[in-house]
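Undergrad: Pasting final-v3.txt here (compact mmCIF, C-alpha atoms):
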# COMPACT_ATOMS: atom_id res chain seq x y z
CA MET A 1395 -23.48 10.77 43.31
CA GLY A 1396 -22.56 7.19 43.98
CA PHE A 1397 -20.28 5.33 41.66
CA ARG A 1398 -20.62 2.63 39.06
CA MET A 1399 -18.35 -0.38 39.26
CA GLY A 1400 -18.14 -2.94 36.48
CA ILE A 1401 -17.53 -6.51 37.64
CA VAL A 1402 -15.41 -8.38 35.10
CA GLY A 1403 -13.65 -11.71 35.04
CA LEU A 1404 -13.17 -14.89 33.09
CA PRO A 1405 -16.12 -17.30 33.10
CA ASN A 1406 -16.67 -19.39 36.26
CA VAL A 1407 -14.61 -17.27 38.66
CA GLY A 1408 -17.61 -16.48 40.91
CA LYS A 1409 -18.48 -13.15 39.30
CA SER A 1410 -22.25 -13.59 39.05
CA THR A 1411 -22.40 -15.33 42.44
CA LEU A 1412 -20.75 -12.25 43.94
CA PHE A 1413 -23.10 -9.91 42.06
CA ASN A 1414 -26.15 -11.83 43.26
CA ALA A 1415 -24.93 -11.65 46.84
CA LEU A 1416 -24.05 -7.96 46.68
CA THR A 1417 -27.37 -6.91 45.24
CA ARG A 1418 -29.41 -9.51 47.16
CA THR A 1419 -31.01 -10.68 43.97
CA ALA A 1420 -30.85 -13.67 41.68
CA ALA A 1421 -31.18 -11.49 38.57
CA ALA A 1422 -27.79 -12.64 37.26
CA GLN A 1423 -27.94 -16.37 36.61
CA ALA A 1424 -24.98 -18.12 38.21
CA ALA A 1425 -24.30 -21.40 36.44
CA ASN A 1426 -21.35 -23.66 35.70
CA PHE A 1427 -20.91 -22.73 32.05
CA PRO A 1428 -19.45 -19.72 30.22
CA PHE A 1429 -21.61 -16.78 29.15
CA CYS A 1430 -24.49 -17.46 31.54
CA THR A 1431 -24.74 -13.66 31.84
CA ILE A 1432 -26.11 -12.71 28.43
CA GLU A 1433 -26.85 -9.05 29.16
CA PRO A 1434 -25.08 -6.85 31.70
CA ASN A 1435 -27.01 -6.90 34.96
CA VAL A 1436 -27.21 -3.71 36.94
CA GLY A 1437 -27.88 -3.63 40.65
CA GLU A 1438 -27.91 -0.81 43.17
CA VAL A 1439 -26.96 -1.31 46.81
CA ALA A 1440 -27.07 1.03 49.76
CA VAL A 1441 -23.63 2.03 50.97
CA PRO A 1442 -23.39 0.91 54.60
CA ASP A 1443 -22.38 3.70 56.99
CA SER A 1444 -23.04 3.33 60.71
CA ARG A 1445 -22.61 7.10 61.17
CA LEU A 1446 -25.89 7.71 59.36
CA ASP A 1447 -27.87 5.67 61.91
CA VAL A 1448 -26.19 7.55 64.78
CA LEU A 1449 -27.03 10.93 63.26
CA ALA A 1450 -30.63 9.91 62.58
CA GLY A 1451 -30.99 8.77 66.18
CA ILE A 1452 -29.75 12.09 67.55
CA ALA A 1453 -31.90 14.20 65.21
CA GLY A 1454 -34.97 11.97 65.46
CA SER A 1455 -35.04 11.68 61.65
CA LYS A 1456 -38.11 9.94 60.29
CA GLN A 1457 -36.24 8.56 57.28
CA ILE A 1458 -32.70 7.34 56.68
CA ILE A 1459 -31.41 7.61 53.10
CA PRO A 1460 -27.97 6.15 52.43
CA THR A 1461 -25.97 6.94 49.34
CA ARG A 1462 -25.94 4.21 46.71
CA MET A 1463 -23.45 2.28 44.65
CA THR A 1464 -24.15 0.63 41.31
CA PHE A 1465 -22.68 -2.72 40.33
CA VAL A 1466 -22.69 -3.84 36.70
CA ASP A 1467 -22.22 -7.57 36.17
CA ILE A 1468 -20.51 -7.90 32.79
CA ALA A 1469 -20.46 -11.29 31.03
CA GLY A 1470 -17.28 -13.36 31.28
CA LEU A 1471 -14.50 -12.24 28.96
CA VAL A 1472 -12.31 -14.81 27.24
CA ARG A 1473 -9.04 -14.68 25.36
CA GLY A 1474 -9.76 -13.02 22.02
CA ALA A 1475 -12.74 -10.96 23.22
CA SER A 1476 -11.25 -7.83 21.66
CA LYS A 1477 -11.49 -9.61 18.29
CA GLY A 1478 -15.04 -10.79 18.86
CA GLU A 1479 -14.33 -14.14 20.56
CA GLY A 1480 -16.89 -15.36 23.07
CA LEU A 1481 -19.56 -12.68 23.22
CA GLY A 1482 -17.18 -10.07 21.88
CA ASN A 1483 -17.03 -6.32 21.93
CA GLN A 1484 -20.52 -5.58 23.27
CA PHE A 1485 -19.22 -6.31 26.76
CA LEU A 1486 -16.19 -4.11 26.30
CA ALA A 1487 -18.61 -1.27 25.55
CA ASN A 1488 -20.40 -1.90 28.86
CA ILE A 1489 -17.13 -1.37 30.74
CA ARG A 1490 -16.75 2.11 29.20
CA GLU A 1491 -19.82 3.26 31.13
CA CYS A 1492 -18.30 2.37 34.53
CA ASP A 1493 -16.19 4.53 36.85
CA ALA A 1494 -13.98 1.66 37.95
CA VAL A 1495 -13.40 -1.99 37.15
CA ALA A 1496 -13.42 -4.85 39.65
CA HIS A 1497 -11.50 -7.84 38.30
CA VAL A 1498 -12.87 -10.93 40.05
CA LEU A 1499 -10.08 -13.50 40.18
CA ARG A 1500 -10.50 -17.15 41.04
CA CYS A 1501 -8.26 -17.92 43.99
CA PHE A 1502 -9.93 -21.19 45.00
CA GLU A 1503 -9.73 -24.83 43.97
CA ASP A 1504 -12.96 -26.67 43.14
CA GLY A 1505 -13.01 -29.74 40.93
CA ASP A 1506 -16.75 -29.31 40.33
CA ILE A 1507 -16.30 -25.89 38.72
CA THR A 1508 -14.33 -25.89 35.50
CA HIS A 1509 -11.87 -23.12 34.65
CA VAL A 1510 -12.07 -21.84 31.09
CA GLU A 1511 -8.25 -21.99 30.78
CA GLY A 1512 -7.98 -25.38 32.52
CA ARG A 1513 -5.85 -24.16 35.45
CA ILE A 1514 -6.01 -21.96 38.58
CA ASP A 1515 -3.74 -18.94 38.11
CA PRO A 1516 -5.33 -15.60 39.12
CA VAL A 1517 -2.33 -13.53 37.99
CA ALA A 1518 -2.47 -15.07 34.50
CA ASP A 1519 -6.25 -14.52 34.49
CA ALA A 1520 -5.75 -10.84 35.32
CA GLU A 1521 -3.20 -10.55 32.51
CA THR A 1522 -5.62 -12.20 30.06
CA ILE A 1523 -8.34 -9.67 30.85
CA GLU A 1524 -5.90 -6.74 30.84
CA THR A 1525 -4.54 -7.82 27.45
CA GLU A 1526 -8.02 -7.93 25.93
CA LEU A 1527 -8.83 -4.45 27.27
CA MET A 1528 -5.50 -3.11 26.01
CA LEU A 1529 -6.09 -4.58 22.54
CA ALA A 1530 -9.57 -3.05 22.47
CA ASP A 1531 -8.11 0.36 23.44
CA LEU A 1532 -5.45 0.11 20.73
CA GLU A 1533 -8.05 -0.73 18.11
CA SER A 1534 -10.19 2.21 19.24
CA ILE A 1535 -7.25 4.64 19.14
CA GLU A 1536 -6.03 3.47 15.73
CA ARG A 1537 -9.54 3.82 14.32
CA ARG A 1538 -9.90 7.37 15.67
CA LEU A 1539 -6.44 8.46 14.56
CA ALA A 1540 -7.21 7.24 11.04
CA ARG A 1541 -10.25 9.53 10.95
CA LYS A 1542 -8.39 12.73 11.93
CA THR A 1543 -8.90 15.80 9.74
CA LYS A 1544 -6.22 18.11 8.34
CA ASN A 1545 -7.82 21.31 9.68
CA ALA A 1546 -8.06 20.20 13.29
CA ASP A 1547 -8.71 22.78 16.02
CA LYS A 1548 -6.80 22.93 19.31
CA ASP A 1549 -9.18 20.52 21.06
CA ALA A 1550 -8.75 17.98 18.28
CA ALA A 1551 -4.97 18.45 18.39
CA ASP A 1552 -4.98 17.85 22.16
CA MET A 1553 -7.05 14.69 21.71
CA GLU A 1554 -4.64 13.44 19.05
CA ARG A 1555 -1.66 14.12 21.32
CA LEU A 1556 -3.28 12.21 24.19
CA MET A 1557 -4.25 9.32 21.92
CA LYS A 1558 -0.67 9.00 20.71
CA MET A 1559 0.57 9.02 24.32
CA ALA A 1560 -1.86 6.22 25.16
CA GLN A 1561 -0.96 4.35 21.97
CA ALA A 1562 2.73 4.40 22.86
CA ALA A 1563 2.05 3.09 26.37
CA LEU A 1564 -0.25 0.34 25.11
CA ASN A 1565 2.25 -0.73 22.45
CA ASP A 1566 4.78 -0.95 25.27
CA GLY A 1567 2.47 -3.35 27.12
CA LYS A 1568 1.30 -0.79 29.69
CA PRO A 1569 -2.32 0.18 30.42
CA ALA A 1570 -3.44 3.77 29.85
CA ARG A 1571 -3.78 4.35 33.61
CA SER A 1572 0.01 3.99 33.93
CA LEU A 1573 0.38 7.44 32.32
CA THR A 1574 0.52 10.65 34.35
CA ILE A 1575 -1.99 13.08 32.88
CA ALA A 1576 -1.71 16.85 33.46
CA GLU A 1577 -4.67 18.51 35.16
CA ASP A 1578 -5.30 20.63 32.04
CA ASP A 1579 -5.70 17.43 30.01
CA ALA A 1580 -7.92 15.58 32.49
CA LYS A 1581 -11.23 16.38 30.80
CA ALA A 1582 -10.02 15.48 27.30
CA TRP A 1583 -8.43 12.31 28.69
CA ARG A 1584 -11.74 11.19 30.22
CA MET A 1585 -13.48 11.83 26.90
CA LEU A 1586 -11.27 9.20 25.26
CA GLN A 1587 -13.12 6.59 27.38
CA LEU A 1588 -10.21 4.19 27.36
CA LEU A 1589 -10.93 0.91 29.10
CA THR A 1590 -7.46 0.62 30.61
CA ALA A 1591 -7.56 4.19 31.96
CA LYS A 1592 -10.13 3.16 34.57
CA PRO A 1593 -8.98 2.43 38.13
CA VAL A 1594 -8.77 -1.30 38.89
CA LEU A 1595 -9.69 -3.23 42.01
CA TYR A 1596 -8.71 -6.89 42.15
CA VAL A 1597 -11.29 -9.01 43.98
CA CYS A 1598 -9.76 -12.27 45.18
CA ASN A 1599 -12.51 -14.88 45.43
CA VAL A 1600 -11.23 -17.42 47.95
CA GLU A 1601 -12.70 -20.53 49.60
CA GLU A 1602 -14.71 -20.02 52.79
CA SER A 1603 -11.90 -21.14 55.11
CA CYS A 1604 -9.58 -18.43 53.74
CA ALA A 1605 -12.04 -15.53 53.78
CA SER A 1606 -10.33 -13.83 56.71
CA GLU A 1607 -6.64 -13.92 55.74
CA GLY A 1608 -6.64 -15.08 52.11
CA ASN A 1609 -4.38 -17.79 50.69
CA SER A 1610 -1.22 -18.18 48.62
CA GLN A 1611 -3.06 -17.26 45.40
CA SER A 1612 -4.53 -14.05 46.83
CA ALA A 1613 -1.04 -13.18 48.15
CA ARG A 1614 0.26 -13.38 44.58
CA VAL A 1615 -2.52 -11.05 43.44
CA ALA A 1616 -1.66 -8.60 46.24
CA GLU A 1617 1.96 -8.49 45.05
CA MET A 1618 0.83 -7.81 41.47
CA ALA A 1619 -1.58 -5.08 42.62
CA ALA A 1620 1.14 -3.42 44.70
CA ARG A 1621 3.39 -3.21 41.62
CA GLN A 1622 0.55 -1.61 39.65
CA GLY A 1623 -0.72 0.69 42.36
CA ALA A 1624 -4.11 -1.06 42.20
CA GLY A 1625 -6.40 -2.09 45.06
CA THR A 1626 -7.21 -5.59 46.32
CA VAL A 1627 -10.02 -7.10 48.36
CA ILE A 1628 -10.34 -10.67 49.66
CA ILE A 1629 -13.88 -12.04 49.47
CA SER A 1630 -15.54 -15.44 49.56
CA ALA A 1631 -18.45 -15.18 47.13
CA LYS A 1632 -20.02 -18.24 48.79
CA ILE A 1633 -20.00 -16.54 52.19
CA GLU A 1634 -21.43 -13.33 50.71
CA GLU A 1635 -24.17 -15.39 49.07
CA GLU A 1636 -25.06 -17.00 52.40
CA ILE A 1637 -25.01 -13.65 54.26
CA SER A 1638 -27.37 -12.12 51.68
CA GLN A 1639 -30.07 -14.57 52.76
CA LEU A 1640 -29.78 -13.79 56.49
CA SER A 1641 -31.21 -11.10 58.75
CA ALA A 1642 -28.83 -8.45 60.11
CA ASP A 1643 -28.50 -10.23 63.47
CA GLU A 1644 -28.01 -13.64 61.87
CA ALA A 1645 -25.42 -12.20 59.47
CA GLU A 1646 -23.45 -10.66 62.35
CA MET A 1647 -23.43 -13.98 64.20
CA PHE A 1648 -22.44 -15.88 61.06
CA LEU A 1649 -19.58 -13.48 60.34
CA GLY A 1650 -18.33 -13.89 63.90
CA GLU A 1651 -18.30 -17.66 63.51
CA MET A 1652 -16.25 -17.26 60.31
CA GLY A 1653 -13.75 -14.97 62.07
CA LEU A 1654 -14.83 -11.93 60.05
CA THR A 1655 -15.63 -8.49 61.46
CA GLU A 1656 -17.59 -7.22 58.44
CA ALA A 1657 -19.20 -8.39 55.23
CA GLY A 1658 -17.27 -8.39 51.98
CA LEU A 1659 -19.67 -5.78 50.61
CA ASP A 1660 -18.42 -3.27 53.18
CA ARG A 1661 -14.79 -3.98 52.29
CA LEU A 1662 -15.50 -3.80 48.58
CA ILE A 1663 -17.28 -0.44 48.82
CA ARG A 1664 -14.59 1.03 51.08
CA ALA A 1665 -11.88 -0.12 48.67
CA GLY A 1666 -13.87 1.33 45.77
CA TYR A 1667 -14.24 4.67 47.56
CA GLU A 1668 -10.51 4.77 48.20
CA LEU A 1669 -9.77 3.83 44.60
CA LEU A 1670 -11.89 6.67 43.22
CA GLY A 1671 -11.04 9.24 45.91
CA LEU A 1672 -14.60 9.47 47.24
CA GLN A 1673 -15.95 10.52 50.62
CA THR A 1674 -19.29 11.14 52.34
CA TYR A 1675 -21.03 14.12 53.89
CA PHE A 1676 -24.43 14.23 55.61
CA THR A 1677 -27.56 16.37 55.75
CA VAL A 1678 -29.57 15.80 58.92
CA GLY A 1679 -32.99 16.95 60.17
CA PRO A 1680 -36.30 15.75 61.62
CA LYS A 1681 -37.53 14.72 58.16
CA GLU A 1682 -34.51 12.70 57.05
CA ALA A 1683 -30.86 11.88 57.61
CA ARG A 1684 -29.11 11.48 54.27
CA ALA A 1685 -25.65 10.57 53.02
CA TRP A 1686 -24.10 12.13 49.92
CA THR A 1687 -21.02 10.92 48.03
CA ILE A 1688 -18.51 13.45 46.67
CA GLN A 1689 -14.93 13.55 45.44
CA LYS A 1690 -12.24 14.24 48.02
CA GLY A 1691 -11.11 17.86 47.74
CA MET A 1692 -14.49 19.09 46.50
CA LEU A 1693 -15.39 22.63 47.57
CA ALA A 1694 -18.66 23.52 49.30
CA PRO A 1695 -20.50 24.89 46.21
CA GLN A 1696 -19.75 21.76 44.19
CA ALA A 1697 -20.75 19.54 47.11
CA ALA A 1698 -24.03 21.46 47.31
CA GLY A 1699 -24.50 20.87 43.59
CA VAL A 1700 -24.64 17.12 44.22
CA ILE A 1701 -27.98 17.74 45.95
CA HIS A 1702 -29.27 20.10 43.25
CA GLY A 1703 -27.67 22.25 40.56
CA ASP A 1704 -29.46 25.34 41.90
CA PHE A 1705 -27.66 24.91 45.24
CA GLU A 1706 -24.32 25.32 43.47
CA LYS A 1707 -25.43 28.20 41.22
CA GLY A 1708 -26.91 30.25 44.06
CA PHE A 1709 -24.50 29.16 46.81
CA ILE A 1710 -24.15 31.67 49.65
CA ARG A 1711 -22.56 29.73 52.48
CA ALA A 1712 -22.41 26.37 54.24
CA GLU A 1713 -23.13 25.75 57.89
CA THR A 1714 -21.14 22.77 59.06
CA VAL A 1715 -20.38 20.58 62.06
CA ALA A 1716 -17.89 17.71 61.99
CA TYR A 1717 -19.47 14.31 62.64
CA GLY A 1718 -17.62 13.77 65.92
CA ASP A 1719 -18.60 17.23 67.19
CA TYR A 1720 -22.25 16.69 66.23
CA VAL A 1721 -22.32 13.41 68.19
CA ALA A 1722 -20.44 14.85 71.17
CA GLY A 1723 -22.86 17.79 71.32
CA LYS A 1724 -25.85 15.49 70.87
CA GLY A 1725 -26.94 17.56 67.90
CA GLU A 1726 -26.53 20.96 66.27
CA ALA A 1727 -27.51 22.99 69.35
CA GLY A 1728 -24.95 21.26 71.55
CA ALA A 1729 -22.26 21.65 68.89
CA LYS A 1730 -23.05 25.39 68.74
CA GLU A 1731 -22.72 25.72 72.52
CA ALA A 1732 -19.35 23.99 72.35
CA GLY A 1733 -18.17 26.39 69.64
CA LYS A 1734 -17.98 23.63 67.02
CA PHE A 1735 -20.56 25.08 64.63
CA ARG A 1736 -18.91 26.86 61.68
CA VAL A 1737 -20.02 29.03 58.78
CA GLU A 1738 -17.94 28.42 55.65
CA GLY A 1739 -17.76 30.12 52.26
CA LYS A 1740 -17.11 29.12 48.67
CA SER A 1741 -13.50 28.13 49.29
CA TYR A 1742 -14.30 25.59 52.01
CA GLU A 1743 -13.08 22.07 51.24
CA VAL A 1744 -15.69 19.61 52.51
CA LYS A 1745 -14.37 16.91 54.86
CA ASP A 1746 -15.49 13.32 55.20
CA GLY A 1747 -18.28 13.10 57.79
CA ASP A 1748 -19.23 16.79 57.70
CA VAL A 1749 -22.83 17.51 58.63
CA LEU A 1750 -23.83 20.33 56.28
CA HIS A 1751 -26.63 22.77 55.70
CA PHE A 1752 -26.45 24.96 52.58
CA LEU A 1753 -27.86 28.46 52.15
CA PHE A 1754 -28.42 29.61 48.57
CA ASN A 1755 -30.27 32.10 46.38
CA GLY A 1756 -32.91 30.35 44.38
Give the structure from this file in C-alpha cells form.

TA:
Amino acid sequence: MGFRMGIVGLPNVGKSTLFNALTRTAAAQAANFPFCTIEPNVGEVAVPDSRLDVLAGIAGSKQIIPTRMTFVDIAGLVRGASKGEGLGNQFLANIRECDAVAHVLRCFEDGDITHVEGRIDPVADAETIETELMLADLESIERRLARKTKNADKDAADMERLMKMAQAALNDGKPARSLTIAEDDAKAWRMLQLLTAKPVLYVCNVEESCASEGNSQSARVAEMAARQGAGTVIISAKIEEEISQLSADEAEMFLGEMGLTEAGLDRLIRAGYELLGLQTYFTVGPKEARAWTIQKGMLAPQAAGVIHGDFEKGFIRAETVAYGDYVAGKGEAGAKEAGKFRVEGKSYEVKDGDVLHFLFNG
C-alpha cells in the first residue's frame, strides 16, 4: 500500500506546477487562469528510499521496486465551492477518495501571477479552503440525518451519534479531525467520509531564494499548523519543476547550489508518511529488492497481507533482520552469524526498515 494525497488550493497558487514537477509530467496544464485543471489528474511517483539501493547492492538483486505514492491534482477551489461556485462539488467528491489533503498555499509575491482574492495571505487562503470543506461536510451530514429511519439498528444508531458529534464541531467552526474518536468507532467514522476528517499537510510554496528556510508568510503558516496539530512543508514549485527536468547528478548539483540537501518531493513524502503514521519494510533476494508501505504498529500477519491476502490468512511466522543489522552483516548469512536473525510470530509488531521473509500455508 502507498497512500493517496489530494493536492488542493485556490487557483494560481502553484498547485499544478507542483503536481507536474512531482510526477515528472505535463499532464496537468499549468496556466495563469483559474480552473485550468478541468479533471483531477492522478500521478504515481516512486517513494525515494536510499536503503532500498543499499539492500539491492548487498543481495545482488536484479530489480529494485520502490513503494509508490499517488498524487491527485484537484482543480482550484474558490469561495462558495460548497454551493457550486467555480467548478463546484465535483472536486469536493475527488477529495473524499484521498487519504490526506495537501493544502498548497501561496507564500510568494509575483506581479505576473494574479491571486484570485487579490492579495497574498496564505493563512486566509487556508481558512477559505477549510470553510468550504466544512460547509460541504455540514451539508452532507444534514442530508444524511434527514434520511434516518425510525427502526435503525445499532450500526445506524452509531453512525447517527458520530454524525451529530461532527455536526456540533462543524457548527462550532472546528473541522471533524479536531474530534477524538474512540477506537471502537474508528471504522464507522471512516465510513462517514468527511472531508475535514482527513489529515492536513500545509505546503508553503515560496520563491526560489526562500526554498531553504522559508519566509515570513511560511512562518505564519507554521504557527497556524502548530495550533492545529497539522504538518507543514516548505517547497519552491519552480525549483521542483526545474529539478524534474534534470538527471540525478545534475539535480544533486543544482540542489547544492540552492543550499538544499534534498528535493521537495522527499520532504513532502516524508511529511505525508508522518502525517498518516506510515512506515516501510523490505523484502530482499536475488530476483528483486522491494519496499512495502504499512501502518505503524501493524503486526506481522497484516504486514504480510500487504503483499498478498493469502500470506495473512495462512501466516505461520516471519523471519526478520533489522536494516542496520542486515547491512552490518553484509546480508542475511552475516546477520545470522552475528545472532541478529530472528523468527517472529503473529504478535510481532513490524518495525521501520525490517527486512522480512514470510512463511505461510497456502

Undergrad: Edge lengths and centre in Å to one decimal, as lines of an AutoDock Vina configuration file, of the axis-aligned box that encloses all listed atoms of stretch 1489-1505 of chain A with 8 Å added on every side?

TA:
center_x = -14.0
center_y = -12.6
center_z = 37.1
size_x = 27.6
size_y = 50.3
size_z = 31.8

Undergrad: Atom CA of A:Lys1592 and atom CA of A:Arg1398, how far apart in Å?

TA: 11.4 Å

Undergrad: So the first atom is atom CA of A:Val1402 and the second is atom CA of A:Val1495; what is the distance between them in Å, to one decimal place?

TA: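 Separation between atom CA of A:Val1402 and atom CA of A:Val1495: 7.0 Å.
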
Undergrad: Select, from A:Leu1662, A:Met1647, A:Leu1499, A:Met1399, the residue with the minimum atom-to-atom distance to A:Thr1464, counting all atoms listed in the file.

TA: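 Smallest separation from A:Thr1464 among the options: A:Met1399.
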
Undergrad: Skip stretch 1711-1713 of chain A itself and residues of its chain fewer than 2 positions away, then list as a PDB file with C-alpha atoms, keeping the file's coordinate frame all residues within 9 Å of it, counting all atoms listed in the file.

TA:
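Saved result, result_21.pdb, follows:
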ATOM      1  CA  ALA A1694     -18.660  23.520  49.300  1.00  0.00           C
ATOM      2  CA  PRO A1695     -20.500  24.890  46.210  1.00  0.00           C
ATOM      3  CA  ALA A1698     -24.030  21.460  47.310  1.00  0.00           C
ATOM      4  CA  PHE A1709     -24.500  29.160  46.810  1.00  0.00           C
ATOM      5  CA  VAL A1715     -20.380  20.580  62.060  1.00  0.00           C
ATOM      6  CA  PHE A1735     -20.560  25.080  64.630  1.00  0.00           C
ATOM      7  CA  ARG A1736     -18.910  26.860  61.680  1.00  0.00           C
ATOM      8  CA  VAL A1737     -20.020  29.030  58.780  1.00  0.00           C
ATOM      9  CA  GLU A1738     -17.940  28.420  55.650  1.00  0.00           C
ATOM     10  CA  GLY A1739     -17.760  30.120  52.260  1.00  0.00           C
ATOM     11  CA  LYS A1740     -17.110  29.120  48.670  1.00  0.00           C
ATOM     12  CA  TYR A1742     -14.300  25.590  52.010  1.00  0.00           C
ATOM     13  CA  VAL A1749     -22.830  17.510  58.630  1.00  0.00           C
ATOM     14  CA  LEU A1750     -23.830  20.330  56.280  1.00  0.00           C
ATOM     15  CA  HIS A1751     -26.630  22.770  55.700  1.00  0.00           C
ATOM     16  CA  PHE A1752     -26.450  24.960  52.580  1.00  0.00           C
ATOM     17  CA  LEU A1753     -27.860  28.460  52.150  1.00  0.00           C
ATOM     18  CA  PHE A1754     -28.420  29.610  48.570  1.00  0.00           C
TER      19      PHE A1754
END

Undergrad: Please provide the set of residues having any atom within 12 Å of A:Gln1587, restricted to only C-alpha atoms, with same-chain residues fewer than 6 positions apart removed, written as a list in words.

TA: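 Once the adjacent positions are removed, what remains is Leu1486, Ala1487, Asn1488, Ile1489, Arg1490, Glu1491, Cys1492, Asp1493, Ala1494, Leu1527, Ala1530, Asp1531, Ser1534, Ile1535, Met1553, Leu1556, Met1557, Ala1560, Ala1570, Arg1571, Ala1580 and Lys1581 of chain A.
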
Undergrad: Let's have the selection written as a PDB file, keeping the file's coordinate frame, with C-alpha atoms.

TA:
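Written out: selection36.pdb:
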ATOM      1  CA  LEU A1486     -16.190  -4.110  26.300  1.00  0.00           C
ATOM      2  CA  ALA A1487     -18.610  -1.270  25.550  1.00  0.00           C
ATOM      3  CA  ASN A1488     -20.400  -1.900  28.860  1.00  0.00           C
ATOM      4  CA  ILE A1489     -17.130  -1.370  30.740  1.00  0.00           C
ATOM      5  CA  ARG A1490     -16.750   2.110  29.200  1.00  0.00           C
ATOM      6  CA  GLU A1491     -19.820   3.260  31.130  1.00  0.00           C
ATOM      7  CA  CYS A1492     -18.300   2.370  34.530  1.00  0.00           C
ATOM      8  CA  ASP A1493     -16.190   4.530  36.850  1.00  0.00           C
ATOM      9  CA  ALA A1494     -13.980   1.660  37.950  1.00  0.00           C
ATOM     10  CA  LEU A1527      -8.830  -4.450  27.270  1.00  0.00           C
ATOM     11  CA  ALA A1530      -9.570  -3.050  22.470  1.00  0.00           C
ATOM     12  CA  ASP A1531      -8.110   0.360  23.440  1.00  0.00           C
ATOM     13  CA  SER A1534     -10.190   2.210  19.240  1.00  0.00           C
ATOM     14  CA  ILE A1535      -7.250   4.640  19.140  1.00  0.00           C
ATOM     15  CA  MET A1553      -7.050  14.690  21.710  1.00  0.00           C
ATOM     16  CA  LEU A1556      -3.280  12.210  24.190  1.00  0.00           C
ATOM     17  CA  MET A1557      -4.250   9.320  21.920  1.00  0.00           C
ATOM     18  CA  ALA A1560      -1.860   6.220  25.160  1.00  0.00           C
ATOM     19  CA  ALA A1570      -3.440   3.770  29.850  1.00  0.00           C
ATOM     20  CA  ARG A1571      -3.780   4.350  33.610  1.00  0.00           C
ATOM     21  CA  ALA A1580      -7.920  15.580  32.490  1.00  0.00           C
ATOM     22  CA  LYS A1581     -11.230  16.380  30.800  1.00  0.00           C
TER      23      LYS A1581
END

Undergrad: Of the residues A:Asp1660, A:Glu1602, A:Asp1443, A:Glu1706, which is the one nearest to A:Phe1502, using only C-alpha atoms?

TA: A:Glu1602
